[in-house]
Amino acid sequence: MKILISNDDGIHSAGLWVLANHLRTVGSVTIVAPDREQSATGTSLTLRHPLRVSKVASQLEGVECWATEGLPGDAVILGLEHVLEKPVDLVVSGINNGPNVGDDVLISGTVGAVLQAYLRNVPAIAVSTFNIESTNHETPARLAAIIAKDIADGKLSGDIFLNINTPDIPLDNIKGIRLCHLAHKTHIDTVKEGHDGRREFYWLVRRKLDLEAADGTDIKAIERDCISVTELHVDLFRTAPISNLETLCQEWFKKLESPK
């Protein structure tokens, strides 16, 4: 199995390397990621100036690593169309620090990266933890490897675009994996004003939601200490899931709970 990994936090992100370490147990892993942090860039692409790609030293034996100029979507396109020889069996983006849930998937660089894989008919998974300062990357990385193995074994359709968010708590405290739909809410809806001595300026600020999320949504799953799995599409709010995805979520949690 040939796996491409990218992200929006940049090539030096800790979560990226934990993810790569687990996925290399399933297949051949190559990293192609932005050379710097590129959060909240959504589905943007670089079309008006050239991009450079540089091979960089890898932290893991057997994992080749490339840093790209540009945005997360650029990195995945460069990985699929230039760095790697086709076919690629899976593209995974993450592990992102901070939630990518609800309406915020539309501005997420983590999700925007793997959208480029999905549009090219490559299975795509975005993985995030709910705390922007999280160091708890083992659980989402293990889950990504479990799902990758099911794709390799043909247990999961190749036409997938999954968005996964894990609560930032120990695995023993996680209560399950829930198949969800997107909450119709955004964390980025607060504007703070300031003044630099010459003129006013404004910050768009991420805040904690103060409204209760609806049952069945990704945000509600996290509030209940569960991992959320949301199947995305180009029509992001389509609700009909892959037929066996609910059953697979239960199987994935059993494998997470079992000893390594």
# chains A, B, ... in the order shown; residues from 1 in each chain; ligands from 1
$ select_by_dssp --residues "segment 145-199 of chain A" --states "strand (DSSP E or B)" --output "PyMOL selection string"
chain A and resi 161-166+177-181+188-195
$ select_by_dssp --residues "segment 40-249 of chain A" --states "helix (DSSP H, G or I)" --output "PyMOL selection string"
chain A and resi 72-83+102-106+109-118+138-152+171-173+218-223+245-249
$ residues_around --residues "Ser128 of chain A" --least-positions-apart "4" --cutoff "6 Å" --atoms "only C-alpha atoms" --output "list in words"
Ile95, Asn96 and Asn165 of chain A
$ closest_residue --among "A:Val26, A:Leu106, A:Ala20, A:Ala14" --to "Ser44 of chain A" --atoms "only C-alpha atoms"
A:Leu106
$ atom_distance --atom1 "atom CA of Gln38 of chain A" --atom2 "atom CA of Thr68 of chain A"
11.4 Å
$ residues_around --residues "segment 4-13 of chain A" --least-positions-apart "2" --cutoff "6 Å" --atoms "only C-alpha atoms" --output "PyMOL selection string"
chain A and resi 15-16+29-39+72+91-94+109-110
$ residues_around --residues "Ile222 of chain A" --least-positions-apart "5" --cutoff "8 Å" --atoms "only C-alpha atoms" --output "list in words"
Phe130, Asn165, Thr166, Pro167, Ile227 and Ser228 of chain A
$ atom_distance --atom1 "atom CA of His82 of chain A" --atom2 "atom CA of Gly62 of chain A"
19.3 Å
$ closest_residue --among "A:Leu245, A:Ala152, A:Ile219, A:Leu232" --to "Gly102 of chain A" --atoms "only C-alpha atoms"
A:Ile219
$ residues_around --residues "Val56 of chain A" --least-positions-apart "5" --cutoff "9 Å" --atoms "only C-alpha atoms" --output "number ranges by chain"
A: 64-67
$ write_last_selection --atoms "C-alpha atoms" --output "short mmCIF file (atom, residue, chain, number, x, y, z; two decimals), in the first residue's frame"
data_model
loop_
_atom_site.label_atom_id
_atom_site.label_comp_id
_atom_site.auth_asym_id
_atom_site.auth_seq_id
_atom_site.Cartn_x
_atom_site.Cartn_y
_atom_site.Cartn_z
CA GLU A 64 10.94 9.91 2.36
CA CYS A 65 10.07 13.51 3.16
CA TRP A 66 9.55 16.55 0.93
CA ALA A 67 8.82 20.14 1.92
#
$ residues_around --residues "Ile160 of chain A" --least-positions-apart "3" --cutoff "7 Å" --atoms "only C-alpha atoms" --output "number ranges by chain"
A: 123-124, 157
$ atom_distance --atom1 "atom CA of Ala213 of chain A" --atom2 "atom CA of Ala183 of chain A"
6.8 Å
